[in-house]
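Coordinates from upload_3.pdb are shown below (PDB, C-alpha atoms).
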```
ATOM      1  CA  PRO I   1      88.296-278.322  83.892
ATOM      2  CA  GLN I   2      85.019-276.437  83.613
ATOM      3  CA  TYR I   3      85.625-274.653  86.925
ATOM      4  CA  TYR I   4      89.058-273.627  85.623
ATOM      5  CA  TYR I   5      87.449-272.351  82.424
ATOM      6  CA  LEU I   6      85.042-270.180  84.445
ATOM      7  CA  LEU I   7      87.725-268.826  86.772
ATOM      8  CA  ASP I   8      88.634-265.798  84.636
ATOM      9  CA  LYS I   9      84.994-264.727  84.640
ATOM     10  CA  ALA I  10      84.833-265.188  88.406
ATOM     11  CA  LEU I  11      87.994-263.144  88.939
ATOM     12  CA  SER I  12      86.593-260.300  86.837
ATOM     13  CA  PHE I  13      84.268-259.534  89.778
ATOM     14  CA  LYS I  14      87.327-258.911  92.032
ATOM     15  CA  PRO I  15      86.192-261.367  94.748
ATOM     16  CA  LYS I  16      87.945-261.887  98.073
ATOM     17  CA  GLU I  17      87.474-265.628  97.741
ATOM     18  CA  VAL I  18      86.550-268.058  95.000
ATOM     19  CA  ILE I  19      84.876-271.173  96.398
ATOM     20  CA  VAL I  20      85.044-274.435  94.473
ATOM     21  CA  GLY I  21      82.632-277.172  95.560
ATOM     22  CA  LEU I  22      84.227-280.516  94.705
ATOM     23  CA  HIS I  23      81.955-283.555  94.977
ATOM     24  CA  LEU I  24      84.169-286.515  95.746
ATOM     25  CA  VAL I  25      82.118-289.229  94.031
ATOM     26  CA  SER I  26      81.424-287.511  90.716
ATOM     27  CA  ASP I  27      83.801-284.618  89.992
ATOM     28  CA  ILE I  28      86.909-286.834  89.907
ATOM     29  CA  PHE I  29      85.409-288.925  87.114
ATOM     30  CA  ASN I  30      84.137-285.793  85.359
ATOM     31  CA  ALA I  31      87.671-284.376  85.130
ATOM     32  CA  TYR I  32      88.763-287.459  83.180
ATOM     33  CA  ASP I  33      85.567-287.478  81.080
ATOM     34  CA  VAL I  34      85.834-283.834  80.014
ATOM     35  CA  VAL I  35      89.555-283.846  79.193
ATOM     36  CA  TYR I  36      89.587-287.082  77.215
ATOM     37  CA  HIS I  37      86.228-286.813  75.460
ATOM     38  CA  LEU I  38      86.042-283.130  74.518
ATOM     39  CA  ALA I  39      88.553-281.974  71.913
ATOM     40  CA  TYR I  40      88.787-278.501  73.492
ATOM     41  CA  TRP I  41      90.774-280.002  76.410
ATOM     42  CA  LYS I  42      93.154-282.203  74.407
ATOM     43  CA  ASP I  43      96.216-280.152  75.437
ATOM     44  CA  TYR I  44      95.704-281.284  79.040
ATOM     45  CA  ARG I  45      95.848-284.981  78.202
ATOM     46  CA  SER I  46      98.781-286.933  79.579
ATOM     47  CA  LEU I  47     101.223-288.573  77.193
ATOM     48  CA  SER I  48     101.600-291.432  79.660
ATOM     49  CA  PHE I  49      97.864-292.198  79.751
ATOM     50  CA  THR I  50      96.031-294.163  77.067
ATOM     51  CA  ASP I  51      92.253-293.950  77.050
ATOM     52  CA  ASP I  52      91.847-297.521  75.866
ATOM     53  CA  GLU I  53      88.957-298.257  78.256
ATOM     54  CA  PRO I  54      86.809-295.173  77.668
ATOM     55  CA  ALA I  55      83.914-294.544  80.055
ATOM     56  CA  LEU I  56      81.172-291.938  79.755
ATOM     57  CA  ALA I  57      79.158-290.259  82.506
ATOM     58  CA  SER I  58      76.128-292.384  81.624
ATOM     59  CA  SER I  59      78.072-295.491  82.640
ATOM     60  CA  LEU I  60      78.124-294.371  86.288
ATOM     61  CA  LYS I  61      74.388-294.969  86.594
ATOM     62  CA  ALA I  62      74.137-297.844  84.136
ATOM     63  CA  THR I  63      72.067-300.835  85.264
ATOM     64  CA  ARG I  64      72.135-304.494  84.266
ATOM     65  CA  ILE I  65      68.832-304.950  82.447
ATOM     66  CA  PRO I  66      67.932-308.010  80.335
ATOM     67  CA  PHE I  67      67.267-307.053  76.697
ATOM     68  CA  LYS I  68      68.370-303.503  77.538
ATOM     69  CA  GLY I  69      68.827-302.484  73.908
ATOM     70  CA  LEU I  70      65.296-303.527  72.969
ATOM     71  CA  ARG I  71      63.784-301.964  76.084
ATOM     72  CA  ASP I  72      65.622-298.676  75.532
ATOM     73  CA  PHE I  73      64.349-298.644  71.949
ATOM     74  CA  LEU I  74      60.774-299.213  73.128
ATOM     75  CA  ARG I  75      61.069-296.417  75.713
ATOM     76  CA  GLU I  76      62.228-294.029  73.015
ATOM     77  CA  THR I  77      59.587-295.005  70.462
ATOM     78  CA  SER I  78      56.544-296.073  72.479
ATOM     79  CA  VAL I  79      54.745-293.633  74.753
ATOM     80  CA  LEU I  80      52.603-296.466  76.158
ATOM     81  CA  TYR I  81      55.636-298.608  77.014
ATOM     82  CA  LYS I  82      57.279-295.727  78.859
ATOM     83  CA  PHE I  83      54.026-294.750  80.605
ATOM     84  CA  PHE I  84      53.249-298.214  81.953
ATOM     85  CA  GLY I  85      56.907-299.027  82.646
ATOM     86  CA  ASP I  86      57.335-295.975  84.877
ATOM     87  CA  ARG I  87      54.037-296.494  86.701
ATOM     88  CA  THR I  88      54.536-300.181  87.416
ATOM     89  CA  ARG I  89      58.144-299.900  88.577
ATOM     90  CA  VAL I  90      57.354-299.845  92.298
ATOM     91  CA  LEU I  91      54.925-302.792  91.968
ATOM     92  CA  ARG I  92      57.482-304.824  90.031
ATOM     93  CA  GLU I  93      60.076-304.146  92.699
ATOM     94  CA  ARG I  94      57.704-305.171  95.501
ATOM     95  CA  ILE I  95      56.906-308.528  93.887
ATOM     96  CA  GLY I  96      60.564-309.176  93.066
ATOM     97  CA  VAL I  97      60.418-308.871  89.278
ATOM     98  CA  SER I  98      62.784-305.856  89.201
ATOM     99  CA  SER I  99      65.753-304.860  91.352
ATOM    100  CA  PRO I 100      64.586-302.793  94.350
ATOM    101  CA  ARG I 101      66.112-299.480  93.327
ATOM    102  CA  THR I 102      63.100-297.221  93.939
ATOM    103  CA  ILE I 103      61.814-298.820  97.147
ATOM    104  CA  GLY I 104      65.177-300.132  98.382
ATOM    105  CA  THR I 105      65.950-303.273 100.342
ATOM    106  CA  ALA I 106      66.635-303.893 104.044
ATOM    107  CA  ARG I 107      68.984-306.750 103.091
ATOM    108  CA  TRP I 108      72.365-305.047 103.297
ATOM    109  CA  ASP I 109      74.166-308.237 102.317
ATOM    110  CA  THR I 110      72.701-308.104  98.805
ATOM    111  CA  ASN I 111      75.173-308.407  95.938
ATOM    112  CA  ASP I 112      72.744-306.852  93.453
ATOM    113  CA  PRO I 113      74.549-303.743  92.085
ATOM    114  CA  ASP I 114      71.247-302.219  90.919
ATOM    115  CA  ALA I 115      69.575-302.410  94.330
ATOM    116  CA  SER I 116      69.259-299.466  96.698
ATOM    117  CA  LEU I 117      69.866-300.005 100.397
ATOM    118  CA  ARG I 118      67.192-298.708 102.734
ATOM    119  CA  TYR I 119      67.901-296.736 105.920
ATOM    120  CA  ASP I 120      64.793-296.056 107.996
ATOM    121  CA  ASP I 121      66.010-296.159 111.601
ATOM    122  CA  ASP I 122      64.907-292.545 111.950
ATOM    123  CA  PRO I 123      61.752-291.644 109.959
ATOM    124  CA  ASN I 124      62.940-288.039 109.706
ATOM    125  CA  GLN I 125      66.244-289.078 108.146
ATOM    126  CA  GLN I 126      65.208-292.122 106.125
ATOM    127  CA  THR I 127      66.852-292.396 102.737
ATOM    128  CA  LEU I 128      68.139-294.830 100.113
ATOM    129  CA  PHE I 129      71.712-295.540  99.020
ATOM    130  CA  TRP I 130      72.868-296.827  95.646
ATOM    131  CA  PRO I 131      76.517-297.528  96.525
ATOM    132  CA  ALA I 132      77.369-299.687  93.496
ATOM    133  CA  SER I 133      76.668-296.735  91.206
ATOM    134  CA  TYR I 134      78.609-294.149  93.208
ATOM    135  CA  LEU I 135      81.504-296.526  93.759
ATOM    136  CA  ARG I 136      82.235-296.260  90.034
ATOM    137  CA  GLY I 137      83.107-292.593  90.557
ATOM    138  CA  VAL I 138      85.851-293.375  93.102
ATOM    139  CA  ASP I 139      86.967-296.816  91.941
ATOM    140  CA  LEU I 140      90.710-296.421  92.478
ATOM    141  CA  GLU I 141      91.342-299.692  90.658
ATOM    142  CA  SER I 142      90.190-297.923  87.483
ATOM    143  CA  LYS I 143      92.943-296.190  85.521
ATOM    144  CA  ASN I 144      90.363-293.631  84.378
ATOM    145  CA  ILE I 145      89.584-292.602  87.956
ATOM    146  CA  ARG I 146      93.275-292.400  88.823
ATOM    147  CA  GLU I 147      93.795-290.128  85.827
ATOM    148  CA  GLY I 148      90.775-288.075  86.894
ATOM    149  CA  LEU I 149      92.369-287.611  90.316
ATOM    150  CA  ASN I 150      95.652-286.523  88.698
ATOM    151  CA  LEU I 151      93.775-284.022  86.529
ATOM    152  CA  THR I 152      91.809-282.725  89.510
ATOM    153  CA  ALA I 153      95.046-282.031  91.380
ATOM    154  CA  ARG I 154      96.496-280.323  88.327
ATOM    155  CA  PHE I 155      93.512-278.048  87.731
ATOM    156  CA  LEU I 156      93.199-277.113  91.409
ATOM    157  CA  THR I 157      96.891-276.179  91.405
ATOM    158  CA  LEU I 158      96.448-274.042  88.286
ATOM    159  CA  MET I 159      93.413-272.351  89.845
ATOM    160  CA  SER I 160      95.321-271.671  93.048
ATOM    161  CA  GLU I 161      98.171-270.061  91.123
ATOM    162  CA  LYS I 162      95.799-267.928  89.067
ATOM    163  CA  THR I 163      93.776-266.725  92.067
ATOM    164  CA  ALA I 164      96.947-265.929  94.036
ATOM    165  CA  HIS I 165      98.232-263.832  91.112
ATOM    166  CA  ALA I 166      94.922-261.917  91.140
ATOM    167  CA  GLY I 167      95.126-261.293  94.906
ATOM    168  CA  THR I 168      92.196-263.646  95.543
ATOM    169  CA  GLU I 169      92.054-266.732  97.754
ATOM    170  CA  LEU I 170      90.928-270.095  96.401
ATOM    171  CA  VAL I 171      88.780-272.099  98.831
ATOM    172  CA  ILE I 172      88.065-275.761  98.080
ATOM    173  CA  ALA I 173      84.985-277.273  99.726
ATOM    174  CA  LEU I 174      85.138-281.078  99.684
ATOM    175  CA  ILE I 175      81.584-282.423  99.397
ATOM    176  CA  PRO I 176      81.253-286.019 100.639
ATOM    177  CA  SER I 177      78.906-288.737  99.462
ATOM    178  CA  LYS I 178      75.655-289.303 101.294
ATOM    179  CA  GLU I 179      76.997-292.738 102.214
ATOM    180  CA  SER I 180      79.979-291.236 104.048
ATOM    181  CA  VAL I 181      77.787-288.724 105.866
ATOM    182  CA  TYR I 182      75.526-291.547 107.099
ATOM    183  CA  SER I 183      78.333-294.024 107.824
ATOM    184  CA  GLU I 184      78.269-293.409 111.589
ATOM    185  CA  LYS I 185      74.525-294.086 111.711
ATOM    186  CA  ILE I 186      74.856-297.120 109.439
ATOM    187  CA  GLY I 187      77.494-298.670 111.702
ATOM    188  CA  THR I 188      78.426-302.302 111.102
ATOM    189  CA  ARG I 189      75.814-302.710 108.366
ATOM    190  CA  ALA I 190      78.280-300.992 106.025
ATOM    191  CA  GLU I 191      80.578-304.008 106.325
ATOM    192  CA  GLN I 192      77.797-306.313 105.103
ATOM    193  CA  ASN I 193      77.677-304.698 101.661
ATOM    194  CA  GLU I 194      80.796-304.898  99.508
ATOM    195  CA  PHE I 195      79.826-301.860  97.417
ATOM    196  CA  PHE I 196      79.077-299.646 100.430
ATOM    197  CA  GLU I 197      82.224-300.684 102.296
ATOM    198  CA  LYS I 198      84.472-300.161  99.279
ATOM    199  CA  LEU I 199      82.871-296.799  98.485
ATOM    200  CA  LEU I 200      83.631-295.547 102.011
ATOM    201  CA  ARG I 201      87.202-296.822 101.832
ATOM    202  CA  ASN I 202      87.974-295.380  98.403
ATOM    203  CA  GLU I 203      86.318-292.066  99.104
ATOM    204  CA  ALA I 204      88.385-291.722 102.297
ATOM    205  CA  SER I 205      91.532-292.287 100.210
ATOM    206  CA  VAL I 206      90.499-289.635  97.667
ATOM    207  CA  ARG I 207      89.719-287.177 100.473
ATOM    208  CA  ALA I 208      93.093-287.836 102.089
ATOM    209  CA  GLU I 209      94.932-287.239  98.805
ATOM    210  CA  LEU I 210      93.167-283.939  98.185
ATOM    211  CA  LEU I 211      93.699-282.737 101.763
ATOM    212  CA  ALA I 212      97.400-283.591 101.409
ATOM    213  CA  LEU I 213      97.518-281.654  98.132
ATOM    214  CA  CYS I 214      95.976-278.631  99.830
ATOM    215  CA  ARG I 215      98.546-278.759 102.626
ATOM    216  CA  GLU I 216     101.409-279.151 100.162
ATOM    217  CA  LYS I 217     100.287-276.279  97.932
ATOM    218  CA  GLY I 218      99.077-274.041 100.752
ATOM    219  CA  MET I 219      95.483-274.106  99.462
ATOM    220  CA  ARG I 220      92.588-273.477 101.824
ATOM    221  CA  CYS I 221      90.321-276.502 102.090
ATOM    222  CA  ILE I 222      87.042-277.070 103.921
ATOM    223  CA  ASP I 223      86.276-280.730 104.624
ATOM    224  CA  MET I 224      82.473-280.729 104.877
ATOM    225  CA  LEU I 225      82.153-284.295 106.177
ATOM    226  CA  PRO I 226      82.419-283.580 109.938
ATOM    227  CA  GLY I 227      79.905-280.734 109.743
ATOM    228  CA  LEU I 228      77.350-282.754 107.791
ATOM    229  CA  ARG I 229      77.672-285.693 110.188
ATOM    230  CA  GLU I 230      77.040-283.292 113.058
ATOM    231  CA  LYS I 231      73.843-282.120 111.332
ATOM    232  CA  LEU I 232      72.617-285.730 111.284
ATOM    233  CA  ARG I 233      73.471-286.174 114.958
ATOM    234  CA  LYS I 234      71.265-283.178 115.715
ATOM    235  CA  GLY I 235      68.393-284.868 113.870
ATOM    236  CA  GLU I 236      68.359-282.640 110.799
ATOM    237  CA  SER I 237      67.078-284.039 107.500
ATOM    238  CA  ILE I 238      69.499-282.987 104.771
ATOM    239  CA  TYR I 239      68.906-285.557 102.016
ATOM    240  CA  PRO I 240      65.773-286.681 100.144
ATOM    241  CA  HIS I 241      64.214-290.080 100.845
ATOM    242  CA  THR I 242      65.291-291.345  97.412
ATOM    243  CA  TRP I 243      68.657-292.682  96.224
ATOM    244  CA  ASP I 244      69.524-289.255  94.813
ATOM    245  CA  GLU I 245      72.887-288.017  96.131
ATOM    246  CA  HIS I 246      71.909-284.350  95.841
ATOM    247  CA  PRO I 247      70.772-282.801  99.134
ATOM    248  CA  ALA I 248      67.297-281.611  99.989
ATOM    249  CA  PRO I 249      66.769-277.824 100.344
ATOM    250  CA  GLU I 250      67.727-278.132 104.019
ATOM    251  CA  GLY I 251      70.905-279.856 102.899
ATOM    252  CA  TYR I 252      71.910-276.969 100.675
ATOM    253  CA  CYS I 253      71.409-274.686 103.677
ATOM    254  CA  ALA I 254      73.701-277.008 105.646
ATOM    255  CA  TYR I 255      76.325-276.769 102.887
ATOM    256  CA  ALA I 256      76.190-272.965 103.085
ATOM    257  CA  GLU I 257      76.400-272.890 106.890
ATOM    258  CA  ILE I 258      79.426-275.186 106.974
ATOM    259  CA  ILE I 259      81.256-273.192 104.285
ATOM    260  CA  LYS I 260      80.421-269.943 106.096
ATOM    261  CA  GLU I 261      81.862-271.353 109.325
ATOM    262  CA  GLY I 262      84.934-272.465 107.413
ATOM    263  CA  LEU I 263      85.453-268.950 106.117
TER     264      LEU I 263
END
```

Can the structure in the file be given as structure tokens, please?
Amino acid sequence: PQYYYLLDKALSFKPKEVIVGLHLVSDIFNAYDVVYHLAYWKDYRSLSFTDDEPALASSLKATRIPFKGLRDFLRETSVLYKFFGDRTRVLRERIGVSSPRTIGTARWDTNDPDASLRYDDDPNQQTLFWPASYLRGVDLESKNIREGLNLTARFLTLMSEKTAHAGTELVIALIPSKESVYSEKIGTRAEQNEFFEKLLRNEASVRAELLALCREKGMRCIDMLPGLREKLRKGESIYPHTWDEHPAPEGYCAYAEIIKEGL
């Protein structure tokens, strides 16, 4: 929705192409979140959809923490609590008091949704995954995510029609999750973790639906997954060593190179 809002401004520059970067594990949810939780977008809501299980963006990264309400209150009101909590997090994870989200775990069969999974086969490409969190953004069993996918298709179609009318081409760059990019290197370990395995499966379904939409509507689409996997095969480091999904500076360069090749 926000990309659609900005499209008129983009077209005012008379571009040859307008490139939309669509992150598969967050932008689908965001389409639902914006349309159903901001009054400005109420005209785009579906009469056949009832938002009776509302979810906010903060819920995607929510963790199961005992006495969470009290601890959140203390973090907001006590500088000392926040200071010591942040600085003892790694120690608490190492001794098993807290879920290993910052340091990760080598036990891929863990069923702890707050734990990060550690990949360190290659020191240059070591990183952490938090699949339980990112799965929430492509959980196709959630009616909210299904509605987000419907809205995404609708807005991309509207953008394609508007750009075509202006004599400009719309290019959609599908940005995969870090988990999907690493899936070849992870191999059979992915099957040991229910969150990781389901994330890969659902994301593949979302990608397939959007690629089919592009073919049906004649929209140009760049699937960035093969190119990013090839970067890993060549030994490039494109993600940080943390559980953050955003790429490292080298990763943003990889994004640009792949889109340039696609153009």

Selection near Pro249 in chain I, 9 Å with only C-alpha atoms, sequence-local residues under 2 positions removed, as a VMD selection string: chain I and resid 238 to 240 247 251 to 254

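Nearest residue to Val138 in chain I among I:Glu161, I:Glu203, I:Asp27, I:Asp223 is I:Glu203, counting all atoms listed in the file.
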
Pick from I:Phe29, I:Tyr4, I:Lys178, I:Val18 nearest to Gln125 in chain I, counting only C-alpha atoms: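 Among the listed residues, the smallest separation from Gln125 in chain I belongs to I:Lys178.
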
Selection near Gly227 in chain I, 10 Å with only C-alpha atoms, sequence-local residues under 6 positions removed, as a list in words: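 My list of contacting residues is Val181, Arg233, Ala254, Tyr255, Glu257, Ile258, Ile259, Glu261 and Gly262 of chain I.
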
Matched chain/residue IDs from the PyMOL selection byres ((chain I and resi 189) around 12), as a ChimeraX atom specification: /I:106-110,117-119,179,182-188,190-197

CA of Ser133 in chain I to CA of Ala153 in chain I, distance in Å rounded to a single decimal: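 Going from CA of Ser133 in chain I over to CA of Ala153 in chain I covers 23.5 Å.
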
Length of the CA of Ser237 in chain I to CA of Pro176 in chain I vector [Å]: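 Interatomic distance, CA of Ser237 in chain I to CA of Pro176 in chain I: 15.9 Å.
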
For Asp33 in chain I: contacts at 9 Å, all atoms listed in the file, fewer than 2 positions along chain excluded, given as a list in words: Ile28, Phe29, Asn30, Ala31, Val35, Tyr36, His37, Leu38, Pro54, Ala55, Leu56, Ala57, Asn144 and Gly148 of chain I

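The residue that comes closest to Tyr32 in chain I, out of I:Phe129, I:Tyr134, I:Phe155, I:Trp243 and on the basis of only C-alpha atoms, is I:Phe155.
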
Return the padded bounding box of range 231-244 of chain I as AutoDock Vina command-line options: axis-aligned, built from all atoms listed in the file, 5 Å added on each side, with centre and edge lengths in Å to one decimal.
```
--center_x 69.0 --center_y -287.4 --center_z 105.3 --size_x 19.6 --size_y 20.6 --size_z 30.9
```

Residue nearest Pro123 in chain I - candidates I:Lys198, I:Asp52, I:Leu7, I:Glu236, atoms counted: only C-alpha atoms: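 Between I:Lys198, I:Asp52, I:Leu7, I:Glu236, the residue approaching Pro123 in chain I most closely is I:Glu236.
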
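The interatomic distance for the pair CA of Leu128 in chain I and CA of Gly104 in chain I works out to 6.3 Å.
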
Pick from I:Lys231, I:Arg201, I:Arg207, I:Lys16, whichever lies nearest to Leu170 in chain I using all atoms listed in the file: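 Ranking I:Lys231, I:Arg201, I:Arg207, I:Lys16 by distance to Leu170 in chain I, first place goes to I:Lys16.
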
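If all atoms listed in the file are the atoms counted, then among I:Cys221, I:Thr127, I:Thr102, I:Leu210 the closest residue to Leu149 in chain I is I:Leu210.
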
Answer key for the PyMOL selection byres ((chain I and resi 115) around 8), residues as a list in words: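 Applied to this file, the PyMOL selection byres ((chain I and resi 115) around 8) selects Ser99, Pro100, Arg101, Gly104, Thr105, Thr110, Asp112, Pro113, Asp114, Ser116, Leu117 and Trp130 of chain I.
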
Selection near Thr157 in chain I, 12 Å with only C-alpha atoms, sequence-local residues under 3 positions removed, as a list in words: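 The filter keeps Pro1, Tyr4, Asn150, Leu151, Thr152, Ala153, Arg154, Ser160, Glu161, Lys162, Thr163, Ala164, Leu170, Val171, Ile172, Leu210, Leu213, Cys214, Arg215, Glu216, Lys217, Gly218, Met219 and Arg220 of chain I.
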
Could those residues be written to a file, using C-alpha atoms, as a PDB file, in the frame of the given file?
```pdb
ATOM      1  CA  PRO I   1      88.296-278.322  83.892  1.00  0.00           C
ATOM      2  CA  TYR I   4      89.058-273.627  85.623  1.00  0.00           C
ATOM      3  CA  ASN I 150      95.652-286.523  88.698  1.00  0.00           C
ATOM      4  CA  LEU I 151      93.775-284.022  86.529  1.00  0.00           C
ATOM      5  CA  THR I 152      91.809-282.725  89.510  1.00  0.00           C
ATOM      6  CA  ALA I 153      95.046-282.031  91.380  1.00  0.00           C
ATOM      7  CA  ARG I 154      96.496-280.323  88.327  1.00  0.00           C
ATOM      8  CA  SER I 160      95.321-271.671  93.048  1.00  0.00           C
ATOM      9  CA  GLU I 161      98.171-270.061  91.123  1.00  0.00           C
ATOM     10  CA  LYS I 162      95.799-267.928  89.067  1.00  0.00           C
ATOM     11  CA  THR I 163      93.776-266.725  92.067  1.00  0.00           C
ATOM     12  CA  ALA I 164      96.947-265.929  94.036  1.00  0.00           C
ATOM     13  CA  LEU I 170      90.928-270.095  96.401  1.00  0.00           C
ATOM     14  CA  VAL I 171      88.780-272.099  98.831  1.00  0.00           C
ATOM     15  CA  ILE I 172      88.065-275.761  98.080  1.00  0.00           C
ATOM     16  CA  LEU I 210      93.167-283.939  98.185  1.00  0.00           C
ATOM     17  CA  LEU I 213      97.518-281.654  98.132  1.00  0.00           C
ATOM     18  CA  CYS I 214      95.976-278.631  99.830  1.00  0.00           C
ATOM     19  CA  ARG I 215      98.546-278.759 102.626  1.00  0.00           C
ATOM     20  CA  GLU I 216     101.409-279.151 100.162  1.00  0.00           C
ATOM     21  CA  LYS I 217     100.287-276.279  97.932  1.00  0.00           C
ATOM     22  CA  GLY I 218      99.077-274.041 100.752  1.00  0.00           C
ATOM     23  CA  MET I 219      95.483-274.106  99.462  1.00  0.00           C
ATOM     24  CA  ARG I 220      92.588-273.477 101.824  1.00  0.00           C
TER      25      ARG I 220
END
```

Resolved residues for the PyMOL selection byres ((chain I and resi 46) around 10) as a PDB file with C-alpha atoms, keeping the file's coordinate frame:
```pdb
ATOM      1  CA  VAL I  35      89.555-283.846  79.193  1.00  0.00           C
ATOM      2  CA  TYR I  36      89.587-287.082  77.215  1.00  0.00           C
ATOM      3  CA  LYS I  42      93.154-282.203  74.407  1.00  0.00           C
ATOM      4  CA  ASP I  43      96.216-280.152  75.437  1.00  0.00           C
ATOM      5  CA  TYR I  44      95.704-281.284  79.040  1.00  0.00           C
ATOM      6  CA  ARG I  45      95.848-284.981  78.202  1.00  0.00           C
ATOM      7  CA  LEU I  47     101.223-288.573  77.193  1.00  0.00           C
ATOM      8  CA  SER I  48     101.600-291.432  79.660  1.00  0.00           C
ATOM      9  CA  PHE I  49      97.864-292.198  79.751  1.00  0.00           C
ATOM     10  CA  THR I  50      96.031-294.163  77.067  1.00  0.00           C
ATOM     11  CA  ASP I  51      92.253-293.950  77.050  1.00  0.00           C
ATOM     12  CA  GLU I 147      93.795-290.128  85.827  1.00  0.00           C
ATOM     13  CA  ASN I 150      95.652-286.523  88.698  1.00  0.00           C
ATOM     14  CA  LEU I 151      93.775-284.022  86.529  1.00  0.00           C
TER      15      LEU I 151
END
```
